[in-house]
Structures are given as structure tokens and as C-alpha cells.
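Dumped data.cif below, it's mmCIF, C-alpha atoms:
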data_protein
#
loop_
_atom_site.label_atom_id
_atom_site.label_comp_id
_atom_site.auth_asym_id
_atom_site.auth_seq_id
_atom_site.Cartn_x
_atom_site.Cartn_y
_atom_site.Cartn_z
CA MET A 9 -45.39 26.51 24.62
CA ILE A 10 -43.82 26.30 21.18
CA HIS A 11 -45.33 28.91 18.88
CA THR A 12 -43.33 28.32 15.69
CA SER A 13 -41.47 25.38 14.17
CA ILE A 14 -38.50 26.09 11.91
CA ILE A 15 -37.85 23.21 9.53
CA ILE A 16 -34.47 22.88 7.82
CA PRO A 17 -33.88 20.06 5.31
CA ALA A 18 -30.20 19.17 5.16
CA HIS A 19 -28.10 16.99 2.88
CA ASN A 20 -24.40 16.91 3.81
CA ALA A 21 -24.69 20.40 5.27
CA ALA A 22 -22.00 20.18 7.97
CA ALA A 23 -19.94 22.89 6.27
CA THR A 24 -22.81 25.41 6.02
CA ILE A 25 -25.45 24.82 8.68
CA ASP A 26 -23.50 26.47 11.52
CA LEU A 27 -24.08 29.98 10.17
CA GLN A 28 -27.78 29.35 9.67
CA LEU A 29 -28.14 28.05 13.23
CA GLU A 30 -26.10 30.94 14.57
CA SER A 31 -28.41 33.38 12.80
CA ILE A 32 -31.40 31.61 14.37
CA TYR A 33 -29.77 31.77 17.81
CA ARG A 34 -29.38 35.54 17.46
CA GLN A 35 -33.08 36.19 16.84
CA THR A 36 -34.67 38.92 18.92
CA GLU A 37 -38.16 39.80 20.18
CA CYS A 38 -39.74 36.53 19.05
CA LEU A 39 -42.09 34.05 20.68
CA PRO A 40 -40.83 30.56 21.62
CA PHE A 41 -39.78 28.42 18.68
CA GLU A 42 -38.18 25.09 17.92
CA VAL A 43 -35.76 24.09 15.19
CA ILE A 44 -36.12 20.78 13.36
CA VAL A 45 -33.16 19.78 11.22
CA VAL A 46 -34.05 16.93 8.88
CA CYS A 47 -31.00 15.07 7.62
CA ASN A 48 -31.72 13.57 4.23
CA ARG A 49 -29.24 10.85 3.32
CA CYS A 50 -26.34 12.64 4.99
CA THR A 51 -22.94 10.95 4.89
CA ASP A 52 -21.04 13.71 6.72
CA ASN A 53 -21.34 14.95 10.31
CA THR A 54 -24.38 17.21 9.80
CA VAL A 55 -26.14 15.56 12.75
CA GLU A 56 -23.28 16.21 15.16
CA THR A 57 -22.79 19.77 13.89
CA ALA A 58 -26.46 20.64 14.38
CA LEU A 59 -26.66 19.05 17.83
CA GLN A 60 -23.81 21.24 19.05
CA TRP A 61 -26.46 24.00 19.28
CA SER A 62 -28.73 22.01 21.59
CA GLU A 63 -27.72 24.00 24.68
CA LYS A 64 -28.57 27.30 22.99
CA ILE A 65 -31.59 26.44 20.83
CA ASP A 66 -34.58 24.13 21.23
CA ILE A 67 -33.38 21.85 18.44
CA LYS A 68 -33.91 18.29 17.36
CA VAL A 69 -32.41 16.37 14.48
CA LEU A 70 -34.37 13.81 12.47
CA GLU A 71 -33.21 11.44 9.78
CA ALA A 72 -35.33 11.02 6.66
CA ASN A 73 -33.67 8.63 4.25
CA GLU A 74 -36.50 6.86 2.46
CA LEU A 75 -36.53 9.38 -0.40
CA ALA A 76 -33.92 11.88 -1.56
CA GLY A 77 -34.85 15.53 -1.72
CA ALA A 78 -35.82 18.60 0.27
CA SER A 79 -39.55 18.13 -0.31
CA TYR A 80 -39.64 14.78 1.44
CA ALA A 81 -37.43 16.09 4.27
CA ARG A 82 -39.69 19.12 4.75
CA ASN A 83 -42.75 16.90 4.97
CA VAL A 84 -41.08 14.67 7.57
CA GLY A 85 -40.08 17.70 9.62
CA SER A 86 -43.54 19.25 9.51
CA ASN A 87 -45.03 15.98 10.71
CA LYS A 88 -43.02 16.31 13.94
CA ALA A 89 -43.62 20.05 14.38
CA ARG A 90 -45.16 21.31 17.60
CA GLY A 91 -45.79 24.88 16.45
CA GLU A 92 -48.92 26.13 14.72
CA GLN A 93 -46.68 28.17 12.45
CA LEU A 94 -44.13 26.62 10.12
CA LEU A 95 -41.07 28.39 8.76
CA PHE A 96 -39.06 26.57 6.10
CA LEU A 97 -35.41 27.55 5.73
CA ASP A 98 -32.41 25.99 3.98
CA ALA A 99 -29.23 24.77 5.62
CA ASP A 100 -26.84 26.96 3.62
CA ASP A 101 -28.41 30.41 4.06
CA ALA A 102 -28.77 32.85 6.99
CA ILE A 103 -31.55 35.07 8.35
CA GLY A 104 -31.59 38.59 9.76
CA GLU A 105 -32.16 39.11 13.49
CA HIS A 106 -35.88 39.96 13.16
CA TYR A 107 -36.77 37.25 10.65
CA ILE A 108 -38.64 35.02 13.11
CA ALA A 109 -40.39 37.86 14.97
CA HIS A 110 -41.60 39.44 11.73
CA SER A 111 -42.65 36.04 10.37
CA GLN A 112 -44.62 35.20 13.50
CA GLN A 113 -46.52 38.46 13.27
CA ALA A 114 -47.13 37.97 9.56
CA LEU A 115 -48.63 34.52 10.06
CA GLU A 116 -51.15 35.99 12.48
CA GLU A 117 -52.40 38.12 9.59
CA LYS A 118 -51.92 35.84 6.58
CA THR A 119 -51.83 32.07 6.14
CA ILE A 120 -48.81 31.92 3.81
CA PHE A 121 -46.00 34.17 2.62
CA CYS A 122 -42.75 33.99 0.72
CA GLY A 123 -39.87 35.93 2.23
CA GLY A 124 -37.22 37.75 0.24
CA TYR A 125 -34.08 35.98 -0.89
CA PRO A 126 -31.55 38.38 -2.41
CA PRO A 127 -28.46 36.53 -3.69
CA VAL A 128 -25.38 36.92 -1.52
CA PRO A 129 -22.02 35.76 -2.89
CA TYR A 130 -20.68 32.53 -1.47
CA SER A 131 -17.48 34.30 -0.41
CA ALA A 132 -19.47 36.51 2.00
CA PHE A 133 -20.35 33.54 4.21
CA THR A 134 -17.03 33.61 6.02
CA SER A 135 -18.92 35.18 8.93
CA LEU A 136 -22.54 35.83 9.81
CA GLU A 137 -21.97 39.58 10.04
CA ARG A 138 -20.52 39.72 6.57
CA ALA A 139 -23.28 37.60 5.04
CA LEU A 140 -26.03 39.67 6.64
CA SER A 141 -24.39 42.96 5.65
CA TYR A 142 -25.80 42.40 2.17
CA LEU A 143 -29.38 42.52 3.45
CA GLU A 144 -31.56 45.60 3.51
CA TYR A 145 -33.44 46.14 6.78
CA PHE A 146 -37.24 46.39 6.54
CA GLU A 147 -39.62 47.63 9.21
CA TYR A 148 -42.57 45.32 9.72
CA GLU A 149 -45.43 45.58 7.27
CA PRO A 150 -48.11 42.98 6.46
CA PRO A 151 -47.37 40.50 3.66
CA ARG A 152 -48.35 41.76 0.24
CA GLU A 153 -51.34 40.21 -1.43
CA GLU A 154 -49.92 39.90 -4.93
CA THR A 155 -47.87 36.98 -6.16
CA PHE A 156 -44.59 37.43 -8.01
CA ASN A 157 -46.21 36.53 -11.32
CA PRO A 158 -49.89 35.54 -11.61
CA GLU A 159 -49.03 33.38 -14.62
CA TRP A 160 -46.33 31.56 -12.65
CA PRO A 161 -47.23 31.85 -8.93
CA VAL A 162 -44.13 30.29 -7.47
CA LEU A 163 -42.30 30.63 -4.19
CA ALA A 164 -38.98 29.85 -2.51
CA GLY A 165 -39.07 26.87 -0.18
CA GLY A 166 -36.01 28.23 1.60
CA SER A 167 -37.88 31.33 2.81
CA LEU A 168 -41.44 30.20 3.32
CA GLY A 169 -43.90 30.83 6.14
CA ILE A 170 -47.21 28.98 6.39
CA ARG A 171 -49.72 27.97 9.02
CA ARG A 172 -49.48 24.29 9.82
CA SER A 173 -53.20 23.76 9.18
CA LEU A 174 -52.90 25.13 5.64
CA PHE A 175 -49.76 23.12 4.95
CA ARG A 176 -51.61 19.93 5.81
CA GLU A 177 -54.71 21.05 3.89
CA LEU A 178 -52.58 21.50 0.78
CA GLY A 179 -51.01 18.07 1.32
CA GLY A 180 -47.46 19.27 1.87
CA PHE A 181 -44.77 19.16 -0.78
CA ASP A 182 -44.69 16.71 -3.67
CA PRO A 183 -41.32 14.88 -3.87
CA THR A 184 -42.15 13.84 -7.44
CA TYR A 185 -40.57 17.09 -8.59
CA GLU A 186 -36.88 17.88 -8.90
CA PRO A 187 -35.22 20.85 -7.13
CA GLY A 188 -36.12 23.99 -9.02
CA ALA A 189 -39.65 22.74 -9.67
CA GLU A 190 -40.71 21.36 -6.26
CA ASP A 191 -41.11 24.82 -4.69
CA ASN A 192 -42.84 26.12 -7.81
CA GLU A 193 -45.32 23.24 -7.73
CA PHE A 194 -46.24 23.98 -4.12
CA GLY A 195 -46.66 27.68 -4.83
CA TYR A 196 -48.80 26.95 -7.87
CA ARG A 197 -51.02 24.56 -5.89
CA ALA A 198 -51.43 27.08 -3.07
CA TYR A 199 -52.40 29.76 -5.59
CA LEU A 200 -55.02 27.56 -7.27
CA ALA A 201 -56.46 26.70 -3.84
CA GLY A 202 -56.97 30.42 -3.16
CA TYR A 203 -53.87 31.03 -1.02
CA PRO A 204 -51.39 33.05 -3.05
CA ALA A 205 -48.04 33.39 -1.30
CA GLY A 206 -47.66 37.15 -1.23
CA SER A 207 -44.16 38.54 -0.99
CA PHE A 208 -42.94 39.59 2.45
CA PRO A 209 -39.75 41.73 2.36
CA PRO A 210 -39.33 41.97 6.19
CA ALA A 211 -38.54 38.24 6.19
CA THR A 212 -35.41 38.31 4.07
CA ILE A 213 -32.67 35.71 3.98
CA ALA A 214 -29.08 35.89 2.82
CA TYR A 215 -29.38 33.45 -0.07
CA ARG A 216 -26.03 31.77 -0.70
CA MET A 217 -25.13 32.13 -4.37
CA PRO A 218 -21.83 30.95 -5.86
CA GLU A 219 -20.14 33.66 -7.91
CA LYS A 220 -19.99 31.25 -10.85
CA GLN A 221 -22.85 28.83 -10.48
CA ILE A 222 -21.87 25.67 -12.32
CA ARG A 223 -24.41 22.95 -12.92
CA SER A 224 -23.91 19.93 -15.11
CA GLY A 225 -25.94 19.50 -18.26
CA GLN A 226 -27.58 16.48 -16.68
CA VAL A 227 -28.80 18.54 -13.70
CA MET A 228 -30.12 21.30 -15.97
CA ARG A 229 -31.92 18.74 -18.13
CA LYS A 230 -33.55 16.98 -15.15
CA ARG A 231 -34.73 20.22 -13.60
CA ALA A 232 -36.18 21.45 -16.87
CA LYS A 233 -37.93 18.13 -17.44
CA SER A 234 -39.47 18.46 -13.99
CA SER A 235 -40.67 21.95 -14.91
CA ALA A 236 -42.24 20.39 -18.02
CA LEU A 237 -44.14 18.03 -15.73
CA LEU A 238 -45.45 21.01 -13.79
CA LEU A 239 -46.44 22.87 -16.97
CA THR A 240 -48.31 19.79 -18.16
CA THR A 241 -50.02 19.16 -14.84
CA MET A 242 -51.14 22.78 -14.58
CA GLY A 243 -52.04 23.06 -18.28
CA ASN A 244 -49.86 26.11 -18.65
CA TRP A 245 -47.53 25.60 -21.60
CA LYS A 246 -48.56 28.94 -23.12
CA ALA A 247 -48.73 31.53 -20.32
CA ASN A 248 -45.51 31.06 -18.37
CA PRO A 249 -42.14 32.85 -18.22
CA ILE A 250 -40.13 29.71 -19.09
CA THR A 251 -41.36 28.94 -22.61
CA LYS A 252 -43.13 32.28 -23.23
CA GLY A 253 -45.62 30.53 -25.48
CA LYS A 254 -43.01 28.79 -27.65
CA LEU A 255 -43.07 25.06 -28.26
CA PRO A 256 -39.97 23.23 -26.96
CA PHE A 257 -39.25 21.96 -30.49
CA THR A 258 -38.87 25.57 -31.64
CA MET A 259 -36.78 26.49 -28.61
CA VAL A 260 -34.29 23.70 -29.30
CA LEU A 261 -33.99 24.65 -32.99
CA PHE A 262 -33.37 28.31 -32.15
CA THR A 263 -30.80 27.31 -29.54
CA LEU A 264 -28.96 25.10 -32.04
CA ALA A 265 -28.95 27.92 -34.58
CA ALA A 266 -27.59 30.34 -31.97
CA GLY A 267 -24.90 27.80 -31.06
CA LEU A 268 -23.82 27.39 -34.68
CA LYS A 269 -23.57 31.15 -35.04
CA GLN A 270 -21.53 31.34 -31.84
CA VAL A 271 -19.10 28.67 -33.00
CA ILE A 272 -18.57 30.40 -36.34
CA LYS A 273 -17.91 33.74 -34.64
CA GLU A 274 -16.08 32.75 -31.46
CA GLN A 275 -14.90 29.18 -32.12
CA LYS A 276 -16.48 28.03 -28.85
CA LEU A 277 -19.78 27.61 -27.03
CA SER A 278 -20.41 29.76 -23.95
CA ARG A 279 -21.56 28.32 -20.64
CA ALA A 280 -24.77 30.33 -20.93
CA TRP A 281 -25.50 28.65 -24.27
CA GLN A 282 -24.81 25.19 -22.83
CA GLU A 283 -27.18 25.80 -19.91
CA ARG A 284 -29.86 27.06 -22.28
CA PHE A 285 -29.37 24.06 -24.57
CA PHE A 286 -29.68 21.43 -21.83
CA THR A 287 -32.64 23.29 -20.31
CA ASN A 288 -34.46 23.27 -23.63
CA ILE A 289 -33.62 19.60 -24.19
CA GLY A 290 -35.17 18.81 -20.80
CA LEU A 291 -38.27 20.83 -21.65
CA LEU A 292 -38.58 19.03 -24.99
CA GLU A 293 -38.11 15.62 -23.40
CA GLY A 294 -40.76 16.42 -20.79
CA TYR A 295 -43.13 17.87 -23.36
CA ILE A 296 -43.03 14.68 -25.41
CA GLN A 297 -43.30 12.32 -22.45
CA TYR A 298 -45.87 14.18 -20.36
CA GLN A 299 -47.84 16.40 -22.73
CA VAL A 300 -47.81 14.40 -25.98
CA LEU A 301 -47.65 10.80 -24.72
CA GLY A 302 -49.43 11.45 -21.41
CA LYS A 303 -46.93 9.35 -19.44
CA LYS A 304 -46.72 11.19 -16.13
CA PRO A 305 -45.20 9.69 -12.98
CA LEU A 306 -47.46 8.90 -10.06
CA SER A 307 -47.68 11.80 -7.64
CA GLN A 308 -45.97 11.40 -4.27
CA LEU A 309 -47.81 14.36 -2.80
CA GLY A 310 -47.46 14.51 0.97
CA ARG A 311 -45.00 11.63 1.23
CA GLY A 312 -43.49 11.84 4.71
CA LEU A 313 -46.42 13.64 6.34
#

Can you present the structure in this file as C-alpha cells?
Amino acid sequence: MIHTSIIIPAHNAAATIDLQLESIYRQTECLPFEVIVVCNRCTDNTVETALQWSEKIDIKVLEANELAGASYARNVGSNKARGEQLLFLDADDAIGEHYIAHSQQALEEKTIFCGGYPPVPYSAFTSLERALSYLEYFEYEPPREETFNPEWPVLAGGSLGIRRSLFRELGGFDPTYEPGAEDNEFGYRAYLAGYPAGSFPPATIAYRMPEKQIRSGQVMRKRAKSSALLLTTMGNWKANPITKGKLPFTMVLFTLAAGLKQVIKEQKLSRAWQERFFTNIGLLEGYIQYQVLGKKPLSQLGRGL
């Protein structure tokens, strides 16, 4: 009998998913589980790569192409899950050998938790041993009750444990939101429903982090605009760690002033300034569209369930 379903959304993950599946294969002292890899608009050989583990792991691969994004893929995977416990992981990370066993025990005591996700440099993922060497080992202890920040009760969808009944009660993920806001929206909704996702250090993943994370201005803007949608929906433009009570208009002006000062002194604009500028532009754009004009997109909550 399958006790736990591990759901992994994947978009062109052929180059990374092997290590994650190897780390799952090496799990110890856990109850029976299944792995559901959900390929979302893959154009590489993610399907074939994942199925190579079928003789070692109870694994199935689904295709979910109607919408782009991890939220939709996670919903599709959970809809096919046989386990009463759901663990959501990402295709480019890796888990320690007791991750599943600790998670299974935790979900007997608490309905939802967010595991740890310390950043591990991309260069460490040349082998599973090297990637996991960055993790600290934790003896089992129950999930903590507190959230990371009561004013911004967010979680990481790539290290999330939840009972299937609660996941369906909450309506699953909302694909309306961009990456960077989709997990936060789910965590916020769980918190408001009375299910804060307490932190759970014994379930810690090696979170793949490029040494120099480069995102385009367009990506930064879209993600920030999606965060603006969340701030508007939750009525939380004042008490949050993103704006810290400042209006986006003010944030953009201060950023422009800082950029002018930087150009005068250094004759160039730093990458950090560019990321901050495009983030603030996205927040401003979202503030005007969602908060001022009230033009919010229709929710796609639970799409794929």
C-alpha cells in the first residue's frame, strides 16, 4: 500500500532530474512511496530519463501541457496520487537519505510543513555525495509551529509536505501566479485557513543555486508584478518584507536616485541595482493595475486537480 506520493514538476529537466531520483532511491527506513514526475511542456528527454528509474523506484511520468508552470503540474500530479501524504520536490534539487522517513513521521503529527532548503552551489551537483555534503544532519523532531514570518507566511514548494486531504481542502495551487509568488500564495492561503506551515529542519533539501544567479529584467518584473497581485489579494501592502510599508512609486524614485548616484561615482550600474529596479517596476505596475484600477486576473485556483 502506497503511504506517500512524491510529486516532482519538471520542465526540460533531463540534465538535473537524475540526481534527485538517485537521492530518492537511496532513502532509508521509510514506508512505501511512489514518485510522480509531471512533465510540463518538456521538449527534451525528461520522460525517458525519469523512466530509466522504473526498475528501482515505483515511478510514473505524466504529461501536463495545458498550462505552463509548476503550480499546474503539481495539481495534476496530486490528482493522480495514491498516497495520503504528499511531498512536493523540484527536479533540480536533491534530498538527504532520511528526508522521506522524517517527512512521513512529521505528517502523522502535523498536516503541513515546509522543509529546509539551504542553497548549495550549482557546481556541487557533479555528484550526489558532493551535493549532500553541504547539508547539516538533523535528528527527528516534530515540525515547529511558527511560520517563517507571520506577516509573510510563505513556504517553498520544492520542499513541502502536506496531507492530501488538506491539499484538496485548500484547493491546491493557483497557476495564476508566476514562479516566486505561486508558493507564497499557497503558504499565505494555508496560514489564513489556520494551517501555518511550520518549519521542519529534519526535511532538508540541497537547493541548487547558481553561483551567479542571472535573471532577465523581464523575469524580475513579471515575478514582482505577481507578488503585487498577492499583496493586493491579501490586502497586505503595508506589513510585508517586500515593500516594508513603502509605496511602489516611492521605491522606484529611490531606486532611480540610487542609480544616478552610482553612475556618477562608478560610471556603471551594478547587477544588484538592475534587479532592484526591474523588481520595483513590476511592483509599481502591479500596484496600479491590481490595487488602484482593480483589474485582477481571474483565479485559476486548483486548475489540474

Closest to Thr54 (chain A) among A:Asp191, A:Glu274, A:Glu116, A:Asp100, using only C-alpha atoms?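 When distances to Thr54 (chain A) are compared using only C-alpha atoms, the smallest one comes from A:Asp100.
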
Distance query 7 Å from (-20.3, 34.6, -2.8) using all atoms listed in the file, result as a CSV table (one decimal) with C-alpha atoms, keeping the file's coordinate frame:
chain,number,residue,atom,x,y,z
A,128,VAL,CA,-25.4,36.9,-1.5
A,129,PRO,CA,-22.0,35.8,-2.9
A,130,TYR,CA,-20.7,32.5,-1.5
A,131,SER,CA,-17.5,34.3,-0.4
A,132,ALA,CA,-19.5,36.5,2.0
A,216,ARG,CA,-26.0,31.8,-0.7
A,217,MET,CA,-25.1,32.1,-4.4
A,218,PRO,CA,-21.8,31.0,-5.9
A,219,GLU,CA,-20.1,33.7,-7.9

Counting only C-alpha atoms, the option among A:Glu159, A:Glu283, A:Asp182, A:Glu71 closest to Gly253 (chain A):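 Going through A:Glu159, A:Glu283, A:Asp182, A:Glu71 one by one, the smallest distance to Gly253 (chain A) is for A:Glu159.
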
Sorted by chain and rising residue number, which residues of region 93-196 of chain A lie within 6 Å of region 208-212 of chain A, and what are their closest atom pairs and distances in Å to one decimal, counting all atoms listed in the file, as CSV?
residue,atom,partner,partner_atom,distance
A:Tyr107,CA,A:Ala211,CA,4.9
A:Cys122,CA,A:Phe208,CA,5.9
A:Gly123,CA,A:Ala211,CA,4.8
A:Gly124,CA,A:Thr212,CA,4.3
A:Tyr125,CA,A:Thr212,CA,5.6
A:Phe146,CA,A:Pro210,CA,4.9
A:Tyr148,CA,A:Pro210,CA,5.8
A:Pro151,CA,A:Phe208,CA,4.7

Expected file: the selected residues, C-alpha atoms, as a compact mmCIF listing (two decimals), in the coordinates of the input:
# COMPACT_ATOMS: atom_id res chain seq x y z
CA TYR A 107 -36.77 37.25 10.65
CA CYS A 122 -42.75 33.99 0.72
CA GLY A 123 -39.87 35.93 2.23
CA GLY A 124 -37.22 37.75 0.24
CA TYR A 125 -34.08 35.98 -0.89
CA PHE A 146 -37.24 46.39 6.54
CA TYR A 148 -42.57 45.32 9.72
CA PRO A 151 -47.37 40.50 3.66

What does the distance from CA of Thr24 (chain A) to CA of Ala76 (chain A) come to in Å, to one decimal? 19.1 Å

Leaving out Phe194 (chain A) and any residue of its chain fewer than 5 positions from it, which residues lie within 9 Å of it when counting all atoms listed in the file, given as a ChimeraX atom specification? /A:162-163,165,178,180-182,189,199

Pick from A:Gly85, A:Pro127, A:Gly243, A:Gly195, whichever lies nearest to Ala139 (chain A) using only C-alpha atoms: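 Smallest distance to Ala139 (chain A) is found for A:Pro127.
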
Take the PyMOL selection byres ((chain A and resi 86) around 8), apply it to the structure above, and return the hits as number ranges by chain. A: 13, 15, 82-85, 87-89, 94, 172, 313

Coordinates-based distance that separates CA of Met259 (chain A) from CA of Val271 (chain A) (Å, one decimal):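 According to the coordinates, CA of Val271 (chain A) and CA of Met259 (chain A) are separated by 18.3 Å.
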
Please determine, counting all atoms listed in the file, which residue among A:Asn73, A:Ser173, A:Thr119, A:Asn248 has the shortest atom-to-atom distance to Asn157 (chain A). A:Asn248

Under the PyMOL selection byres ((chain A and resi 185) around 9), which residues of this model are included? Write them out as a list of chain:residue names. A:Ser79, A:Asp182, A:Pro183, A:Thr184, A:Glu186, A:Pro187, A:Gly188, A:Ala189, A:Glu190, A:Asp191, A:Glu193, A:Arg231, A:Ser234, A:Ser235, A:Leu237, A:Leu238, A:Ser307, A:Gln308

Any idea what the distance is between CA of Gly302 (chain A) and CA of Pro161 (chain A)?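 Computing the Euclidean distance for CA of Gly302 (chain A) and CA of Pro161 (chain A) yields 24.0 Å.
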